[in-house]
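Structure below is run37.pdb: PDB, C-alpha atoms, pLDDT in the B column.
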```pdb
ATOM      1  CA  ARG A   1      -8.093 -11.104  24.600  1.00 45.00           C
ATOM      2  CA  GLY A   2      -6.071 -10.614  27.726  1.00 45.00           C
ATOM      3  CA  LEU A   3      -2.858  -9.961  25.749  1.00 45.00           C
ATOM      4  CA  ALA A   4      -0.826  -6.840  26.391  1.00 53.00           C
ATOM      5  CA  LEU A   5      -0.039  -4.456  23.600  1.00 56.00           C
ATOM      6  CA  PRO A   6       3.410  -5.069  22.122  1.00 57.00           C
ATOM      7  CA  ARG A   7       5.975  -2.361  22.710  1.00 59.00           C
ATOM      8  CA  ALA A   8       5.673  -1.107  19.108  1.00 58.00           C
ATOM      9  CA  LEU A   9       2.029  -0.237  19.692  1.00 61.00           C
ATOM     10  CA  ALA A  10       2.143   0.542  23.383  1.00 56.00           C
ATOM     11  CA  SER A  11       4.886   3.145  23.357  1.00 52.00           C
ATOM     12  CA  ALA A  12       3.793   6.758  23.053  1.00 41.00           C
ATOM     13  CA  LEU A  13       5.832   8.008  20.134  1.00 39.00           C
ATOM     14  CA  PRO A  14       6.033  11.729  19.318  1.00 41.00           C
ATOM     15  CA  SER A  15       4.095  13.179  16.375  1.00 42.00           C
ATOM     16  CA  GLY A  16       6.087  13.940  13.450  1.00 41.00           C
ATOM     17  CA  SER A  17     -12.933   7.266 -28.508  1.00 40.00           C
ATOM     18  CA  HIS A  18     -16.231   8.113 -26.786  1.00 41.00           C
ATOM     19  CA  ARG A  19     -19.024  10.319 -28.131  1.00 37.00           C
ATOM     20  CA  SER A  20     -21.533  11.752 -25.749  1.00 38.00           C
ATOM     21  CA  SER A  21     -25.220  11.238 -26.358  1.00 39.00           C
ATOM     22  CA  PRO A  22     -27.403  14.241 -27.136  1.00 39.00           C
ATOM     23  CA  ARG A  23     -28.065  14.487 -23.416  1.00 41.00           C
ATOM     24  CA  SER A  24     -24.320  14.681 -22.719  1.00 43.00           C
ATOM     25  CA  VAL A  25     -24.411  11.584 -20.529  1.00 40.00           C
ATOM     26  CA  PRO A  26     -20.940  11.230 -18.977  1.00 43.00           C
ATOM     27  CA  PRO A  27     -18.844   8.243 -20.055  1.00 45.00           C
ATOM     28  CA  ARG A  28     -18.807   5.204 -17.841  1.00 42.00           C
ATOM     29  CA  ALA A  29     -16.049   5.105 -15.256  1.00 41.00           C
ATOM     30  CA  PRO A  30     -13.044   2.981 -16.287  1.00 39.00           C
ATOM     31  CA  PRO A  31     -12.567  -0.471 -14.765  1.00 37.00           C
ATOM     32  CA  ARG A  32     -10.629  -0.595 -11.532  1.00 41.00           C
ATOM     33  CA  TRP A  33      -7.367  -1.828 -12.992  1.00 38.00           C
ATOM     34  CA  VAL A  34      -7.347   0.007 -16.343  1.00 35.00           C
ATOM     35  CA  ARG A  35      -3.993   1.653 -17.044  1.00 36.00           C
ATOM     36  CA  PRO A  36      -4.050   5.443 -16.838  1.00 35.00           C
ATOM     37  CA  ARG A  37      -4.382   7.428 -20.071  1.00 36.00           C
ATOM     38  CA  ALA A  38      -1.080   9.122 -19.366  1.00 39.00           C
ATOM     39  CA  LEU A  39       0.552   5.726 -19.847  1.00 39.00           C
ATOM     40  CA  ALA A  40      -1.065   5.157 -23.247  1.00 35.00           C
ATOM     41  CA  SER A  41       2.320   4.733 -24.932  1.00 35.00           C
ATOM     42  CA  ASP A  42       3.012   1.580 -22.918  1.00 46.00           C
ATOM     43  CA  SER A  43      -0.537   0.596 -21.995  1.00 35.00           C
ATOM     44  CA  ASN A  44       0.158  -2.950 -23.183  1.00 47.00           C
ATOM     45  CA  ALA A  45       3.551  -3.170 -21.524  1.00 75.00           C
ATOM     46  CA  SER A  46       4.299  -6.005 -19.182  1.00 92.00           C
ATOM     47  CA  PHE A  47       7.429  -7.034 -17.358  1.00 96.00           C
ATOM     48  CA  SER A  48       9.068 -10.386 -16.800  1.00 97.00           C
ATOM     49  CA  SER A  49      10.006  -9.697 -13.186  1.00 97.00           C
ATOM     50  CA  LEU A  50       9.670  -7.174 -10.403  1.00 97.00           C
ATOM     51  CA  ASP A  51      13.330  -6.293 -10.791  1.00 96.00           C
ATOM     52  CA  GLU A  52      12.739  -5.453 -14.466  1.00 96.00           C
ATOM     53  CA  LEU A  53       9.782  -3.303 -13.475  1.00 96.00           C
ATOM     54  CA  ALA A  54      11.916  -1.521 -10.888  1.00 96.00           C
ATOM     55  CA  ARG A  55      14.610  -0.797 -13.491  1.00 96.00           C
ATOM     56  CA  HIS A  56      11.946   0.650 -15.785  1.00 96.00           C
ATOM     57  CA  LEU A  57      10.579   2.836 -13.012  1.00 95.00           C
ATOM     58  CA  ARG A  58      14.028   4.202 -12.125  1.00 95.00           C
ATOM     59  CA  GLY A  59      14.305   5.564 -15.676  1.00 94.00           C
ATOM     60  CA  LEU A  60      10.793   6.997 -15.643  1.00 94.00           C
ATOM     61  CA  THR A  61      10.217  10.515 -16.985  1.00 93.00           C
ATOM     62  CA  GLY A  62       7.119  12.544 -17.693  1.00 94.00           C
ATOM     63  CA  ASP A  63       5.152  11.317 -14.695  1.00 95.00           C
ATOM     64  CA  PRO A  64       3.073  13.892 -12.785  1.00 95.00           C
ATOM     65  CA  LEU A  65       5.328  13.989  -9.713  1.00 96.00           C
ATOM     66  CA  GLU A  66       8.596  14.378 -11.629  1.00 96.00           C
ATOM     67  CA  SER A  67       8.279  18.171 -11.415  1.00 94.00           C
ATOM     68  CA  ASP A  68       8.160  17.935  -7.594  1.00 93.00           C
ATOM     69  CA  GLY A  69      11.790  16.864  -7.756  1.00 88.00           C
ATOM     70  CA  GLY A  70      11.566  13.567  -5.910  1.00 91.00           C
ATOM     71  CA  ARG A  71      13.408  10.410  -6.868  1.00 95.00           C
ATOM     72  CA  ILE A  72      11.651   7.200  -7.868  1.00 97.00           C
ATOM     73  CA  VAL A  73      10.941   4.895  -4.935  1.00 97.00           C
ATOM     74  CA  THR A  74      10.399   1.259  -5.912  1.00 97.00           C
ATOM     75  CA  PHE A  75       9.989  -1.567  -3.370  1.00 97.00           C
ATOM     76  CA  ARG A  76      11.667  -3.493  -0.595  1.00 97.00           C
ATOM     77  CA  GLY A  77      11.260  -6.964   0.838  1.00 98.00           C
ATOM     78  CA  ASP A  78      10.948 -10.422  -0.704  1.00 98.00           C
ATOM     79  CA  THR A  79       9.939 -10.593  -4.379  1.00 97.00           C
ATOM     80  CA  LYS A  80       8.455 -14.033  -3.698  1.00 97.00           C
ATOM     81  CA  ALA A  81       6.467 -13.027  -0.629  1.00 98.00           C
ATOM     82  CA  ARG A  82       2.795 -13.969  -0.288  1.00 98.00           C
ATOM     83  CA  ILE A  83       2.085 -10.850   1.797  1.00 98.00           C
ATOM     84  CA  MET A  84       2.039  -7.434   0.129  1.00 98.00           C
ATOM     85  CA  ILE A  85       1.987  -4.142   2.030  1.00 98.00           C
ATOM     86  CA  ILE A  86       0.874  -1.075   0.055  1.00 98.00           C
ATOM     87  CA  GLY A  87       1.438   2.409   1.416  1.00 98.00           C
ATOM     88  CA  GLU A  88       0.455   5.753  -0.013  1.00 97.00           C
ATOM     89  CA  ALA A  89       3.462   7.828  -1.073  1.00 96.00           C
ATOM     90  CA  PRO A  90       7.158   8.133  -0.201  1.00 96.00           C
ATOM     91  CA  GLY A  91       8.280  10.550   2.497  1.00 95.00           C
ATOM     92  CA  ALA A  92      11.522  12.451   2.995  1.00 94.00           C
ATOM     93  CA  GLU A  93      13.663   9.463   4.075  1.00 95.00           C
ATOM     94  CA  GLU A  94      12.234   7.283   1.315  1.00 96.00           C
ATOM     95  CA  ASP A  95      13.056  10.013  -1.192  1.00 96.00           C
ATOM     96  CA  LYS A  96      16.673  10.043  -0.034  1.00 95.00           C
ATOM     97  CA  LEU A  97      17.156   6.282  -0.291  1.00 95.00           C
ATOM     98  CA  GLY A  98      14.706   5.286  -3.044  1.00 95.00           C
ATOM     99  CA  VAL A  99      13.199   2.645  -0.737  1.00 96.00           C
ATOM    100  CA  PRO A 100       9.672   2.655   0.783  1.00 97.00           C
ATOM    101  CA  PHE A 101       8.935   2.786   4.508  1.00 97.00           C
ATOM    102  CA  VAL A 102      12.394   3.536   5.883  1.00 95.00           C
ATOM    103  CA  GLY A 103      11.598   6.597   8.016  1.00 94.00           C
ATOM    104  CA  ARG A 104       9.914   6.745  11.412  1.00 96.00           C
ATOM    105  CA  ALA A 105       6.644   5.388  10.013  1.00 96.00           C
ATOM    106  CA  GLY A 106       8.569   2.570   8.331  1.00 97.00           C
ATOM    107  CA  LYS A 107      10.298   1.651  11.587  1.00 97.00           C
ATOM    108  CA  LEU A 108       6.924   1.475  13.317  1.00 98.00           C
ATOM    109  CA  LEU A 109       5.540  -0.656  10.460  1.00 98.00           C
ATOM    110  CA  ASP A 110       8.436  -3.082  10.951  1.00 98.00           C
ATOM    111  CA  GLU A 111       7.762  -3.250  14.707  1.00 98.00           C
ATOM    112  CA  ILE A 112       4.021  -3.833  14.233  1.00 98.00           C
ATOM    113  CA  PHE A 113       4.633  -6.824  11.955  1.00 98.00           C
ATOM    114  CA  ALA A 114       7.488  -8.092  14.121  1.00 98.00           C
ATOM    115  CA  SER A 115       5.106  -8.148  17.116  1.00 98.00           C
ATOM    116  CA  VAL A 116       3.420 -11.160  15.467  1.00 98.00           C
ATOM    117  CA  THR A 117       6.706 -12.670  14.218  1.00 97.00           C
ATOM    118  CA  LEU A 118       6.373 -11.341  10.668  1.00 98.00           C
ATOM    119  CA  SER A 119       9.335  -9.652   9.022  1.00 98.00           C
ATOM    120  CA  THR A 120       8.640  -6.939   6.465  1.00 98.00           C
ATOM    121  CA  ASP A 121      11.933  -7.863   4.755  1.00 97.00           C
ATOM    122  CA  ARG A 122      11.712 -11.662   4.759  1.00 97.00           C
ATOM    123  CA  HIS A 123       7.961 -12.320   4.700  1.00 98.00           C
ATOM    124  CA  CYS A 124       6.533  -9.276   2.903  1.00 98.00           C
ATOM    125  CA  TYR A 125       6.842  -7.125  -0.209  1.00 98.00           C
ATOM    126  CA  VAL A 126       6.474  -3.418   0.525  1.00 98.00           C
ATOM    127  CA  THR A 127       5.548  -0.716  -2.003  1.00 98.00           C
ATOM    128  CA  ASN A 128       3.533   2.488  -2.435  1.00 98.00           C
ATOM    129  CA  VAL A 129       0.642   3.616  -4.623  1.00 97.00           C
ATOM    130  CA  VAL A 130       2.617   6.540  -6.091  1.00 97.00           C
ATOM    131  CA  LYS A 131       6.302   6.260  -6.872  1.00 97.00           C
ATOM    132  CA  ARG A 132       7.653   9.709  -5.989  1.00 97.00           C
ATOM    133  CA  ARG A 133       7.328  11.948  -2.958  1.00 96.00           C
ATOM    134  CA  PRO A 134       4.721  14.705  -3.389  1.00 96.00           C
ATOM    135  CA  LEU A 135       6.158  18.117  -2.546  1.00 93.00           C
ATOM    136  CA  ASN A 136       6.066  18.935   1.179  1.00 92.00           C
ATOM    137  CA  ASN A 137       4.608  15.511   1.961  1.00 90.00           C
ATOM    138  CA  ARG A 138       1.152  16.548   0.736  1.00 94.00           C
ATOM    139  CA  ASP A 139      -1.402  13.865  -0.089  1.00 94.00           C
ATOM    140  CA  PRO A 140      -1.203  12.521  -3.650  1.00 95.00           C
ATOM    141  CA  THR A 141      -4.020  13.760  -5.865  1.00 96.00           C
ATOM    142  CA  ALA A 142      -6.561  11.495  -7.560  1.00 94.00           C
ATOM    143  CA  ARG A 143      -4.899  12.242 -10.929  1.00 95.00           C
ATOM    144  CA  GLU A 144      -1.474  11.253  -9.591  1.00 96.00           C
ATOM    145  CA  ILE A 145      -2.787   8.039  -8.066  1.00 96.00           C
ATOM    146  CA  GLU A 146      -4.530   7.144 -11.317  1.00 94.00           C
ATOM    147  CA  TRP A 147      -1.370   7.817 -13.342  1.00 95.00           C
ATOM    148  CA  TYR A 148       0.734   5.334 -11.363  1.00 96.00           C
ATOM    149  CA  ARG A 149      -2.064   2.772 -10.944  1.00 95.00           C
ATOM    150  CA  GLY A 150      -0.929   0.671 -13.919  1.00 95.00           C
ATOM    151  CA  TYR A 151       2.450   0.085 -12.315  1.00 96.00           C
ATOM    152  CA  LEU A 152       0.859  -1.036  -9.055  1.00 96.00           C
ATOM    153  CA  ARG A 153      -1.354  -3.387 -11.033  1.00 95.00           C
ATOM    154  CA  GLU A 154       1.744  -4.890 -12.628  1.00 96.00           C
ATOM    155  CA  GLU A 155       3.426  -5.267  -9.245  1.00 97.00           C
ATOM    156  CA  ILE A 156       0.426  -7.218  -7.977  1.00 97.00           C
ATOM    157  CA  ARG A 157       0.372  -9.418 -11.083  1.00 97.00           C
ATOM    158  CA  LEU A 158       4.059 -10.240 -10.838  1.00 98.00           C
ATOM    159  CA  LEU A 159       4.118 -10.802  -7.084  1.00 98.00           C
ATOM    160  CA  ASP A 160       0.792 -12.675  -6.972  1.00 98.00           C
ATOM    161  CA  PRO A 161       0.274 -12.215  -3.223  1.00 98.00           C
ATOM    162  CA  ALA A 162      -2.362 -14.067  -1.223  1.00 98.00           C
ATOM    163  CA  ILE A 163      -2.774 -11.199   1.276  1.00 98.00           C
ATOM    164  CA  ILE A 164      -2.626  -7.458   0.659  1.00 98.00           C
ATOM    165  CA  VAL A 165      -2.485  -5.019   3.563  1.00 98.00           C
ATOM    166  CA  CYS A 166      -3.404  -1.451   2.586  1.00 98.00           C
ATOM    167  CA  THR A 167      -2.045   1.152   4.956  1.00 98.00           C
ATOM    168  CA  GLY A 168      -3.955   4.432   4.836  1.00 96.00           C
ATOM    169  CA  ARG A 169      -7.022   5.679   3.024  1.00 95.00           C
ATOM    170  CA  HIS A 170      -5.398   6.363  -0.367  1.00 96.00           C
ATOM    171  CA  SER A 171      -4.026   2.841  -0.588  1.00 97.00           C
ATOM    172  CA  MET A 172      -7.362   1.442   0.594  1.00 97.00           C
ATOM    173  CA  ARG A 173      -9.396   3.363  -1.994  1.00 96.00           C
ATOM    174  CA  THR A 174      -6.989   2.479  -4.797  1.00 96.00           C
ATOM    175  CA  LEU A 175      -7.750  -1.198  -4.249  1.00 96.00           C
ATOM    176  CA  LEU A 176     -11.312  -1.128  -2.919  1.00 96.00           C
ATOM    177  CA  GLY A 177     -12.694   1.799  -4.919  1.00 93.00           C
ATOM    178  CA  LYS A 178     -13.321   5.463  -4.265  1.00 85.00           C
ATOM    179  CA  ASP A 179     -16.807   4.850  -2.872  1.00 89.00           C
ATOM    180  CA  CYS A 180     -15.824   2.505  -0.063  1.00 91.00           C
ATOM    181  CA  GLU A 181     -16.472   3.584   3.521  1.00 93.00           C
ATOM    182  CA  GLY A 182     -13.884   5.456   5.547  1.00 94.00           C
ATOM    183  CA  ILE A 183     -10.905   3.603   6.900  1.00 96.00           C
ATOM    184  CA  THR A 184     -12.011   4.025  10.510  1.00 95.00           C
ATOM    185  CA  LYS A 185     -15.117   1.977   9.681  1.00 96.00           C
ATOM    186  CA  ILE A 186     -13.619  -0.814   7.588  1.00 96.00           C
ATOM    187  CA  ARG A 187     -10.082  -1.226   8.917  1.00 97.00           C
ATOM    188  CA  GLY A 188      -9.470  -4.712  10.198  1.00 97.00           C
ATOM    189  CA  ARG A 189     -11.994  -6.297   7.817  1.00 97.00           C
ATOM    190  CA  TRP A 190     -11.212  -8.661   4.938  1.00 98.00           C
ATOM    191  CA  PHE A 191     -12.294  -7.903   1.362  1.00 97.00           C
ATOM    192  CA  GLY A 192     -11.973 -10.135  -1.693  1.00 97.00           C
ATOM    193  CA  VAL A 193     -10.297  -8.495  -4.700  1.00 96.00           C
ATOM    194  CA  ASP A 194      -9.356 -10.531  -7.778  1.00 94.00           C
ATOM    195  CA  GLY A 195      -8.947 -13.738  -5.808  1.00 95.00           C
ATOM    196  CA  ARG A 196      -6.918 -12.157  -3.006  1.00 97.00           C
ATOM    197  CA  VAL A 197      -7.838 -11.035   0.491  1.00 98.00           C
ATOM    198  CA  VAL A 198      -7.292  -7.374   1.282  1.00 98.00           C
ATOM    199  CA  MET A 199      -7.297  -5.677   4.680  1.00 98.00           C
ATOM    200  CA  PRO A 200      -7.121  -1.919   5.286  1.00 98.00           C
ATOM    201  CA  MET A 201      -5.138  -0.766   8.319  1.00 98.00           C
ATOM    202  CA  PHE A 202      -4.226   2.621   9.725  1.00 98.00           C
ATOM    203  CA  HIS A 203      -1.077   4.105   8.219  1.00 98.00           C
ATOM    204  CA  PRO A 204       1.848   4.070  10.685  1.00 97.00           C
ATOM    205  CA  SER A 205       2.215   7.838  10.338  1.00 96.00           C
ATOM    206  CA  TYR A 206      -1.335   8.182  11.680  1.00 97.00           C
ATOM    207  CA  LEU A 207      -0.318   6.105  14.689  1.00 97.00           C
ATOM    208  CA  LEU A 208       2.661   8.391  15.261  1.00 97.00           C
ATOM    209  CA  ARG A 209       0.281  11.340  15.391  1.00 96.00           C
ATOM    210  CA  ASN A 210      -2.051   9.457  17.731  1.00 96.00           C
ATOM    211  CA  PRO A 211       0.215   7.736  20.262  1.00 94.00           C
ATOM    212  CA  GLN A 212      -2.400   7.083  22.964  1.00 94.00           C
ATOM    213  CA  ARG A 213      -2.874   3.406  23.809  1.00 92.00           C
ATOM    214  CA  THR A 214      -6.241   3.364  25.541  1.00 95.00           C
ATOM    215  CA  PRO A 215      -8.866   0.757  24.560  1.00 95.00           C
ATOM    216  CA  GLY A 216     -10.367   1.683  21.192  1.00 95.00           C
ATOM    217  CA  SER A 217      -7.461   3.955  20.288  1.00 97.00           C
ATOM    218  CA  PRO A 218      -5.837   3.642  16.835  1.00 97.00           C
ATOM    219  CA  LYS A 219      -2.860   1.766  18.314  1.00 97.00           C
ATOM    220  CA  ALA A 220      -5.083  -0.666  20.219  1.00 97.00           C
ATOM    221  CA  LEU A 221      -7.156  -1.285  17.088  1.00 98.00           C
ATOM    222  CA  THR A 222      -3.996  -1.842  15.043  1.00 98.00           C
ATOM    223  CA  TRP A 223      -2.907  -4.501  17.532  1.00 97.00           C
ATOM    224  CA  ASP A 224      -6.214  -6.279  16.849  1.00 97.00           C
ATOM    225  CA  ASP A 225      -5.704  -5.900  13.097  1.00 98.00           C
ATOM    226  CA  ILE A 226      -2.170  -7.260  12.966  1.00 98.00           C
ATOM    227  CA  ARG A 227      -3.156 -10.286  15.043  1.00 98.00           C
ATOM    228  CA  GLU A 228      -5.926 -10.960  12.503  1.00 98.00           C
ATOM    229  CA  VAL A 229      -3.372 -10.684   9.681  1.00 98.00           C
ATOM    230  CA  LYS A 230      -1.201 -13.273  11.439  1.00 98.00           C
ATOM    231  CA  ARG A 231      -4.219 -15.536  11.979  1.00 98.00           C
ATOM    232  CA  LYS A 232      -4.961 -15.398   8.238  1.00 98.00           C
ATOM    233  CA  VAL A 233      -1.306 -16.037   7.356  1.00 98.00           C
ATOM    234  CA  ASP A 234      -1.373 -19.159   9.539  1.00 97.00           C
ATOM    235  CA  GLU A 235      -4.760 -20.260   8.184  1.00 98.00           C
ATOM    236  CA  LEU A 236      -3.448 -20.084   4.615  1.00 97.00           C
ATOM    237  CA  SER A 237      -0.092 -21.636   5.583  1.00 97.00           C
ATOM    238  CA  LEU A 238       1.798 -18.873   3.791  1.00 97.00           C
ATOM    239  CA  ILE A 239       5.016 -19.141   5.791  1.00 93.00           C
ATOM    240  CA  GLU A 240       6.926 -22.332   6.404  1.00 85.00           C
ATOM    241  CA  PRO A 241       8.053 -22.847   9.996  1.00 79.00           C
ATOM    242  CA  GLU A 242      11.701 -21.944  10.494  1.00 74.00           C
ATOM    243  CA  ALA A 243      14.010 -24.754  11.559  1.00 61.00           C
TER     244      ALA A 243
END
```
Here is a file; write its structure as structure tokens.
Amino acid sequence: RGLALPRALASALPSGSHRSSPRSVPPRAPPRWVRPRALASDSNASFSSLDELARHLRGLTGDPLESDGGRIVTFRGDTKARIMIIGEAPGAEEDKLGVPFVGRAGKLLDEIFASVTLSTDRHCYVTNVVKRRPLNNRDPTAREIEWYRGYLREEIRLLDPAIIVCTGRHSMRTLLGKDCEGITKIRGRWFGVDGRVVMPMFHPSYLLRNPQRTPGSPKALTWDDIREVKRKVDELSLIEPEA
């Protein structure tokens, strides 16, 4: 209270084998972290490190977004970080470099975290729900998200973060379930998932499309959210003070 918005949030940026019963009762929905059927050939696969997983992903073929022509985008940041940031899908710049959050939205993400002295490179691990750019930057479909879900599950297992920040509704629903409330209602709140705390936040690209900084605006609310993330980081003593 009484604190001014940091420059990153204050500046007005331009927009850019189951048998059905006689009644044909549908099968029960799969558990949240079940690997997608399309990955049945390696459904029991696990990796010894995030780097090994990334190497596997770079050689991936047959995934649903391969036909869109995009390259595989893996992760960036610290592979020992206790904070994990999960976005939705790569964009044009990410497709060029094979690294998540390096375009305009990525720059804004960096500035938002830097406003509370958190570095996305040194203190966080950054990834996406799907691993290739959907054609024309369209939203990933439910089938595409489900196909890549097993890899995200493995990323979480290997990283073992204490805090997960979900940016955008697709990331939020991948972790919290399809039936959760909309992101405008539950952003900034903490949820417990498999022993971790998860917070949904607005995606930086949404903030670029909504640059106003009036009270209650998406940017003002994001400032509240990132301060709460920093409070939780300090409460859990996740980052050692720098000398």
### Task
Step by step, work through what the PyMOL selection byres ((chain A and resi 77) around 7) selects in the shown file, and finish by giving those residues as a ChimeraX atom specification.
/A:75-76,78-79,120-122,124-126
### Query
Applied to this file, what does the PyMOL selection byres ((chain A and resi 44-50) around 8) return in terms of residues, put as a ChimeraX atom specification?
/A:42-43,51-54,79,154-155,158-159
### Of the listed residues A:Lys131, A:Thr222, A:Ile72, A:Tyr148, that which approaches Asn210 in chain A most closely, counting all atoms listed in the file
A:Thr222
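Residues matching the PyMOL selection byres ((chain A and resi 201) around 10) in this structure come to Val165, Cys166, Thr167, Gly168, Arg169, Ser171, Met172, Ile183, Thr184, Ile186, Arg187, Gly188, Arg189, Val198, Met199, Pro200, Phe202, His203, Pro204, Pro218, Leu221, Thr222, Asp225 and Ile226 of chain A.
In this model, the gap between CA of Gly98 in chain A and CA of Leu57 in chain A comes to 11.1 Å.
Among the candidates A:Val129, A:Leu236, A:Leu176, A:Leu65, the one nearest to Gly192 in chain A when counting only C-alpha atoms is A:Leu176.
Nearest residue to Ala81 in chain A, choosing from A:Asp160, A:Glu240, A:Asp110, A:Glu144 and counting only C-alpha atoms: A:Asp160.
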